[in-house]
>>> print(open('my_file-v8.txt').read())   # compact mmCIF, C-alpha atoms and all ligand atoms
# COMPACT_ATOMS: atom_id res chain seq x y z
CA MET F 1 -48.24 53.29 29.55
CA ARG F 2 -47.86 50.53 27.01
CA LYS F 3 -46.99 51.15 23.36
CA GLU F 4 -50.30 49.69 22.25
CA ALA F 5 -52.24 52.06 24.52
CA ILE F 6 -50.41 55.02 22.99
CA ARG F 7 -51.06 53.75 19.47
CA LYS F 8 -54.72 53.36 20.34
CA ALA F 9 -54.80 57.01 21.43
CA VAL F 10 -53.10 57.99 18.16
CA TRP F 11 -55.75 56.18 16.11
CA LYS F 12 -58.50 57.61 18.24
CA ARG F 13 -57.25 61.05 17.24
CA ARG F 14 -56.70 60.10 13.62
CA GLY F 15 -60.10 58.42 13.41
CA SER F 16 -60.30 56.88 9.96
CA ASN F 17 -57.71 59.35 8.67
CA THR F 18 -55.04 57.29 6.95
CA SER F 19 -53.52 60.19 5.04
CA VAL F 20 -49.77 60.17 4.95
CA TYR F 21 -49.54 63.91 5.62
CA PHE F 22 -51.28 64.48 8.93
CA ASP F 23 -52.62 68.00 9.46
CA VAL F 24 -51.47 68.75 13.02
CA LEU F 25 -52.56 72.38 12.95
CA ASN F 26 -56.12 71.43 12.14
CA HIS F 27 -56.12 69.21 15.23
CA LEU F 28 -54.46 71.87 17.38
CA GLU F 29 -57.10 74.36 16.30
CA ASN F 30 -59.88 72.02 17.44
CA GLU F 31 -58.53 72.13 20.99
CA ASP F 32 -57.96 75.00 23.44
CA PHE F 33 -54.67 76.57 22.50
CA VAL F 34 -52.84 79.86 22.88
CA ILE F 35 -50.14 81.31 20.65
CA LEU F 36 -47.53 83.29 22.59
CA LYS F 37 -45.15 85.72 20.96
CA SER F 38 -42.39 84.83 23.35
CA MET F 39 -41.95 81.96 25.76
CA PRO F 40 -38.89 80.08 26.97
CA LEU F 41 -40.01 76.74 25.53
CA SER F 42 -41.26 75.96 22.02
CA ALA F 43 -44.52 74.75 23.50
CA LEU F 44 -46.12 73.39 26.63
CA THR F 45 -49.38 71.85 27.74
CA TYR F 46 -51.28 72.65 30.92
CA LEU F 47 -52.49 69.21 31.79
CA SER F 48 -55.06 70.19 34.40
CA ASP F 49 -56.80 72.78 32.19
CA LYS F 50 -56.16 71.04 28.85
CA ILE F 51 -54.63 74.08 27.18
CA ILE F 52 -51.73 73.95 24.74
CA PHE F 53 -49.36 76.93 24.52
CA ILE F 54 -47.33 77.32 21.34
CA LYS F 55 -44.65 79.85 20.56
CA GLU F 56 -45.67 81.99 17.60
CA ARG F 57 -42.54 81.17 15.62
CA VAL F 58 -43.18 77.43 16.01
CA TYR F 59 -46.82 77.82 14.98
CA ASN F 60 -45.82 79.75 11.87
CA GLU F 61 -43.17 77.22 10.96
CA ALA F 62 -45.66 74.37 11.33
CA ALA F 63 -48.08 76.29 9.11
CA GLY F 64 -45.27 76.48 6.57
CA GLY F 65 -44.81 72.70 6.78
CA ARG F 66 -41.52 72.65 8.72
CA SER F 67 -41.24 69.11 10.02
CA GLN F 68 -39.48 69.95 13.29
CA ALA F 69 -42.29 72.37 14.23
CA ARG F 70 -44.94 69.82 13.21
CA LEU F 71 -43.24 67.37 15.55
CA VAL F 72 -43.41 69.85 18.44
CA ILE F 73 -47.15 70.25 17.95
CA ALA F 74 -47.71 66.50 17.61
CA HIS F 75 -45.77 66.05 20.87
CA GLU F 76 -48.07 68.52 22.66
CA LEU F 77 -51.12 66.74 21.26
CA GLY F 78 -49.56 63.65 22.84
CA HIS F 79 -49.50 65.25 26.28
CA PHE F 80 -53.02 66.50 25.67
CA ASP F 81 -54.38 63.06 24.70
CA LEU F 82 -52.30 60.91 27.03
CA HIS F 83 -51.73 62.94 30.16
CA SER F 84 -54.31 65.65 30.65
CA GLY F 85 -56.49 65.40 33.71
CA GLN F 86 -54.14 62.87 35.28
CA ARG F 87 -53.30 63.28 38.92
CA ARG F 88 -49.77 62.29 39.66
CA VAL F 89 -49.04 60.60 42.94
CA ILE F 90 -45.49 59.38 42.50
CA GLU F 91 -42.38 61.51 42.33
CA LEU F 92 -42.80 64.17 39.68
CA ALA F 93 -39.33 64.17 38.10
CA ALA F 94 -39.56 60.46 37.31
CA TYR F 95 -43.02 60.90 35.83
CA GLU F 96 -41.93 63.85 33.74
CA GLY F 97 -39.26 61.71 32.14
CA ILE F 98 -41.79 59.01 31.28
CA MET F 99 -44.34 61.53 30.03
CA GLU F 100 -41.80 63.05 27.65
CA ILE F 101 -40.96 59.65 26.21
CA GLU F 102 -44.65 58.79 25.84
CA ALA F 103 -45.48 62.12 24.17
CA SER F 104 -42.58 61.68 21.74
CA PHE F 105 -43.59 58.11 20.92
CA TYR F 106 -47.14 59.41 20.32
CA ALA F 107 -45.82 62.21 18.08
CA TYR F 108 -43.80 59.83 15.91
CA GLU F 109 -46.78 57.51 15.54
CA LEU F 110 -49.23 60.32 14.86
CA LEU F 111 -47.15 61.77 12.03
CA ALA F 112 -45.80 58.50 10.67
CA PRO F 113 -47.80 55.46 11.87
CA ILE F 114 -45.76 52.32 11.30
CA GLU F 115 -48.51 50.75 9.18
CA LEU F 116 -48.40 53.65 6.73
CA VAL F 117 -44.60 53.76 6.77
CA ALA F 118 -44.48 50.02 6.02
CA LYS F 119 -46.83 50.54 3.07
CA LYS F 120 -44.84 53.45 1.63
CA VAL F 121 -41.28 52.37 2.36
CA LYS F 122 -40.79 48.98 0.75
CA THR F 123 -36.99 49.03 0.90
CA PRO F 124 -34.58 50.91 3.17
CA SER F 125 -33.12 52.71 0.15
CA ILE F 126 -36.35 54.70 -0.15
CA LEU F 127 -35.41 56.31 3.16
CA ASN F 128 -32.65 58.13 1.30
CA SER F 129 -35.13 59.96 -0.90
CA LEU F 130 -36.33 63.32 0.27
CA ARG F 131 -39.72 62.58 -1.25
CA VAL F 132 -40.78 60.15 1.47
CA THR F 133 -39.90 62.44 4.39
CA SER F 134 -41.69 65.37 2.77
CA GLU F 135 -44.72 63.22 1.96
CA PHE F 136 -45.10 62.49 5.67
CA GLY F 137 -43.87 65.92 6.69
CA VAL F 138 -41.41 64.46 9.18
CA THR F 139 -37.67 64.66 9.75
CA ARG F 140 -35.37 61.97 8.47
CA GLU F 141 -34.78 60.90 12.07
CA VAL F 142 -38.50 60.21 12.61
CA MET F 143 -38.76 58.35 9.31
CA ASP F 144 -35.72 56.16 10.07
CA TYR F 145 -37.00 55.36 13.53
CA GLN F 146 -40.50 54.49 12.36
CA TYR F 147 -39.22 52.42 9.46
CA HIS F 148 -36.98 50.34 11.71
CA THR F 149 -39.77 49.95 14.27
CA ALA F 150 -42.09 48.78 11.50
CA VAL F 151 -39.54 46.25 10.23
CA LYS F 152 -38.97 44.92 13.75
CA GLU F 153 -42.66 44.57 14.50
CA ILE F 154 -43.50 43.03 11.15
CA ALA F 155 -40.67 40.53 11.67
CA THR F 156 -42.20 39.65 15.03
CA HIS F 157 -45.78 39.47 13.86
CA GLY F 158 -45.48 38.17 10.31
CA LYS F 159 -45.55 39.75 6.86
CA SER F 160 -49.23 40.56 6.71
CA TYR F 161 -49.03 42.28 10.06
CA HIS F 162 -49.25 45.87 8.90
CA ILE F 163 -52.27 45.44 6.65
CA ASN F 164 -54.23 43.23 9.07
CA ASN F 165 -53.30 45.34 11.99
CA LEU F 166 -54.37 48.54 10.32
CA GLN F 167 -57.70 47.04 9.35
CA LYS F 168 -58.21 45.64 12.83
CA ARG F 169 -57.32 48.97 14.34
CA LEU F 170 -59.72 50.85 12.11
CA GLN F 171 -62.46 48.36 12.98
CA SER F 172 -61.80 48.71 16.69
CA ILE F 173 -61.93 52.49 16.40
CA HIS F 174 -65.24 52.09 14.71
CA LEU F 175 -66.47 49.92 17.56
CA ASP F 176 -65.31 52.46 20.14
CA ARG F 177 -67.58 55.05 18.61
CA ARG F 178 -70.78 53.08 18.81
ZN ZN J 201 -43.25 67.21 26.45
>>> encode(input="my_file-v8.txt", output="structure tokens")
Amino acid sequence: MRKEAIRKAVWKRRGSNTSVYFDVLNHLENEDFVILKSMPLSALTYLSDKIIFIKERVYNEAAGGRSQARLVIAHELGHFDLHSGQRRVIELAAYEGIMEIEASFYAYELLAPIELVAKKVKTPSILNSLRVTSEFGVTREVMDYQYHTAVKEIATHGKSYHINNLQKRLQSIHLDRR
């Protein structure tokens, strides 16, 4: 799956929501999900039935705004949006690896879309302030990665890239809904 296809799925979920702090729990609660007191993983998604399972501790941490737990939920929303209902025909282990990368890419973009990061983080030194990571509700690792991705893509596409691209993307989302 191409990066642009994943970003399109992210903006389909976000709709016209350009808020810096994305409410993952609200989105989880609009889908079929189950909270389990104990499970070996933090979370998992049943792709065929479109059900997300979340460990109770992770759910509570996300409700408390813990960025690592928010990332786990965003990752599961990624599997939900990108992979559910898909029938796999090639070797499963290889696909699982790709699906994990895609879900993580989706999660980073959902919580900190590069357009919004580029708007908020004008210089790399801002990355050192706690304020910007807590505004987005992401870990420093996510913020660094998204910032550097934004810089790379803006360098490739020109300075006005992020603004134009965001507007274009919002317009195309609008078109999709008609
Ligand atoms: Zn996963």
>>> residues_near_ligand(input="my_file-v8.txt", ligand="ligand ZN 201 (chain J)", cutoff="7 Å", atoms="all atoms listed in the file", output="JSON, numbers by chain")
{"F": [44, 75, 76, 79, 99, 100, 103]}
>>> closest_atom_pairs(input="my_file-v8.txt", of="range 15-111 of chain F", to="range 149-152 of chain F", cutoff="12 Å", atoms="all atoms listed in the file", output="tab-separated table")
residue	atom	partner	partner_atom	distance
F:Phe105	CA	F:Thr149	CA	11.2
F:Tyr108	CA	F:Thr149	CA	10.8
F:Glu109	CA	F:Thr149	CA	10.4
>>> closest_residue(input="my_file-v8.txt", among="F:Phe22, F:Tyr106, F:Tyr147, F:Phe136", to="Val10 in chain F", atoms="all atoms listed in the file")
F:Tyr106
>>> closest_residue(input="my_file-v8.txt", among="F:Leu116, F:Ile126, F:Leu82, F:Ala69", to="Thr139 in chain F", atoms="all atoms listed in the file")
F:Ala69
>>> closest_residue(input="my_file-v8.txt", among="F:Ile35, F:Trp11, F:Val24, F:Ser125", to="Arg66 in chain F", atoms="all atoms listed in the file")
F:Val24
>>> closest_residue(input="my_file-v8.txt", among="F:Arg2, F:Arg131, F:Lys12, F:Arg7", to="Ala107 in chain F", atoms="all atoms listed in the file")
F:Arg7
>>> closest_residue(input="my_file-v8.txt", among="F:Glu56, F:Tyr21, F:Asp144, F:Lys8", to="Ser129 in chain F", atoms="all atoms listed in the file")
F:Asp144
>>> closest_residue(input="my_file-v8.txt", among="F:Ile154, F:Ala62, F:Ile6, F:Val138", to="Gly78 in chain F", atoms="all atoms listed in the file")
F:Ile6
>>> residues_near_point(input="my_file-v8.txt", point="(-55.8, 72.7, 29.7)", cutoff="12 Å", atoms="all atoms listed in the file", output="PyMOL selection string")
chain F and resi 31-34+44-53+76-77+79-81+83-86
>>> atom_distance(input="my_file-v8.txt", atom1="CA of Leu110 in chain F", atom2="CA of Pro40 in chain F")
25.4 Å
>>> atom_distance(input="my_file-v8.txt", atom1="CA of Thr133 in chain F", atom2="CA of Thr156 in chain F")
25.3 Å
>>> atom_distance(input="my_file-v8.txt", atom1="CA of Glu141 in chain F", atom2="CA of Ala9 in chain F")
22.4 Å
>>> residues_around(input="my_file-v8.txt", residues="Gly137 in chain F", least_positions_apart="3", cutoff="10 Å", atoms="only C-alpha atoms", output="list of chain:residue names")
F:Val20, F:Tyr21, F:Phe22, F:Asp23, F:Ala62, F:Gly65, F:Arg66, F:Ser67, F:Gln68, F:Arg70, F:Leu71, F:Leu111, F:Ala112, F:Arg131, F:Val132, F:Thr133, F:Ser134, F:Arg140, F:Val142, F:Met143
>>> build_atoms(input="my_file-v8.txt", residues="range 32-49 of chain F", atoms="N, CA and C atoms", output="PDB file, in the frame of the given file")
ATOM      1  N   ASP F  32     -58.293  73.688  22.872  1.00  0.00           N
ATOM      2  CA  ASP F  32     -57.960  75.000  23.440  1.00  0.00           C
ATOM      3  C   ASP F  32     -56.469  75.225  23.307  1.00  0.00           C
ATOM      4  N   PHE F  33     -56.095  76.291  22.620  1.00  0.00           N
ATOM      5  CA  PHE F  33     -54.670  76.570  22.500  1.00  0.00           C
ATOM      6  C   PHE F  33     -54.432  78.068  22.455  1.00  0.00           C
ATOM      7  N   VAL F  34     -53.225  78.449  22.824  1.00  0.00           N
ATOM      8  CA  VAL F  34     -52.840  79.860  22.880  1.00  0.00           C
ATOM      9  C   VAL F  34     -51.512  80.012  22.154  1.00  0.00           C
ATOM     10  N   ILE F  35     -51.422  81.019  21.301  1.00  0.00           N
ATOM     11  CA  ILE F  35     -50.140  81.310  20.650  1.00  0.00           C
ATOM     12  C   ILE F  35     -49.481  82.454  21.419  1.00  0.00           C
ATOM     13  N   LEU F  36     -48.256  82.252  21.852  1.00  0.00           N
ATOM     14  CA  LEU F  36     -47.530  83.290  22.590  1.00  0.00           C
ATOM     15  C   LEU F  36     -46.363  83.797  21.762  1.00  0.00           C
ATOM     16  N   LYS F  37     -46.229  85.117  21.725  1.00  0.00           N
ATOM     17  CA  LYS F  37     -45.150  85.720  20.960  1.00  0.00           C
ATOM     18  C   LYS F  37     -43.785  85.276  21.472  1.00  0.00           C
ATOM     19  N   SER F  38     -43.670  85.304  22.819  1.00  0.00           N
ATOM     20  CA  SER F  38     -42.390  84.830  23.350  1.00  0.00           C
ATOM     21  C   SER F  38     -42.635  83.955  24.561  1.00  0.00           C
ATOM     22  N   MET F  39     -41.927  82.863  24.610  1.00  0.00           N
ATOM     23  CA  MET F  39     -41.950  81.960  25.760  1.00  0.00           C
ATOM     24  C   MET F  39     -40.652  81.183  25.739  1.00  0.00           C
ATOM     25  N   PRO F  40     -40.189  80.750  26.931  1.00  0.00           N
ATOM     26  CA  PRO F  40     -38.890  80.080  26.970  1.00  0.00           C
ATOM     27  C   PRO F  40     -38.856  78.750  26.210  1.00  0.00           C
ATOM     28  N   LEU F  41     -39.961  78.024  26.238  1.00  0.00           N
ATOM     29  CA  LEU F  41     -40.010  76.740  25.530  1.00  0.00           C
ATOM     30  C   LEU F  41     -40.685  76.916  24.173  1.00  0.00           C
ATOM     31  N   SER F  42     -40.561  75.920  23.310  1.00  0.00           N
ATOM     32  CA  SER F  42     -41.260  75.960  22.020  1.00  0.00           C
ATOM     33  C   SER F  42     -42.760  75.820  22.226  1.00  0.00           C
ATOM     34  N   ALA F  43     -43.114  75.031  23.245  1.00  0.00           N
ATOM     35  CA  ALA F  43     -44.520  74.750  23.500  1.00  0.00           C
ATOM     36  C   ALA F  43     -44.649  74.106  24.870  1.00  0.00           C
ATOM     37  N   LEU F  44     -45.846  74.160  25.426  1.00  0.00           N
ATOM     38  CA  LEU F  44     -46.120  73.390  26.630  1.00  0.00           C
ATOM     39  C   LEU F  44     -47.619  73.162  26.756  1.00  0.00           C
ATOM     40  N   THR F  45     -47.968  72.173  27.557  1.00  0.00           N
ATOM     41  CA  THR F  45     -49.380  71.850  27.740  1.00  0.00           C
ATOM     42  C   THR F  45     -49.737  71.894  29.218  1.00  0.00           C
ATOM     43  N   TYR F  46     -50.765  72.659  29.551  1.00  0.00           N
ATOM     44  CA  TYR F  46     -51.280  72.650  30.920  1.00  0.00           C
ATOM     45  C   TYR F  46     -52.212  71.464  31.048  1.00  0.00           C
ATOM     46  N   LEU F  47     -51.741  70.461  31.753  1.00  0.00           N
ATOM     47  CA  LEU F  47     -52.490  69.210  31.790  1.00  0.00           C
ATOM     48  C   LEU F  47     -53.808  69.334  32.531  1.00  0.00           C
ATOM     49  N   SER F  48     -53.823  70.112  33.611  1.00  0.00           N
ATOM     50  CA  SER F  48     -55.060  70.190  34.400  1.00  0.00           C
ATOM     51  C   SER F  48     -56.156  70.937  33.652  1.00  0.00           C
ATOM     52  N   ASP F  49     -55.784  71.980  32.895  1.00  0.00           N
ATOM     53  CA  ASP F  49     -56.800  72.780  32.190  1.00  0.00           C
ATOM     54  C   ASP F  49     -56.941  72.408  30.710  1.00  0.00           C
TER      55      ASP F  49
END
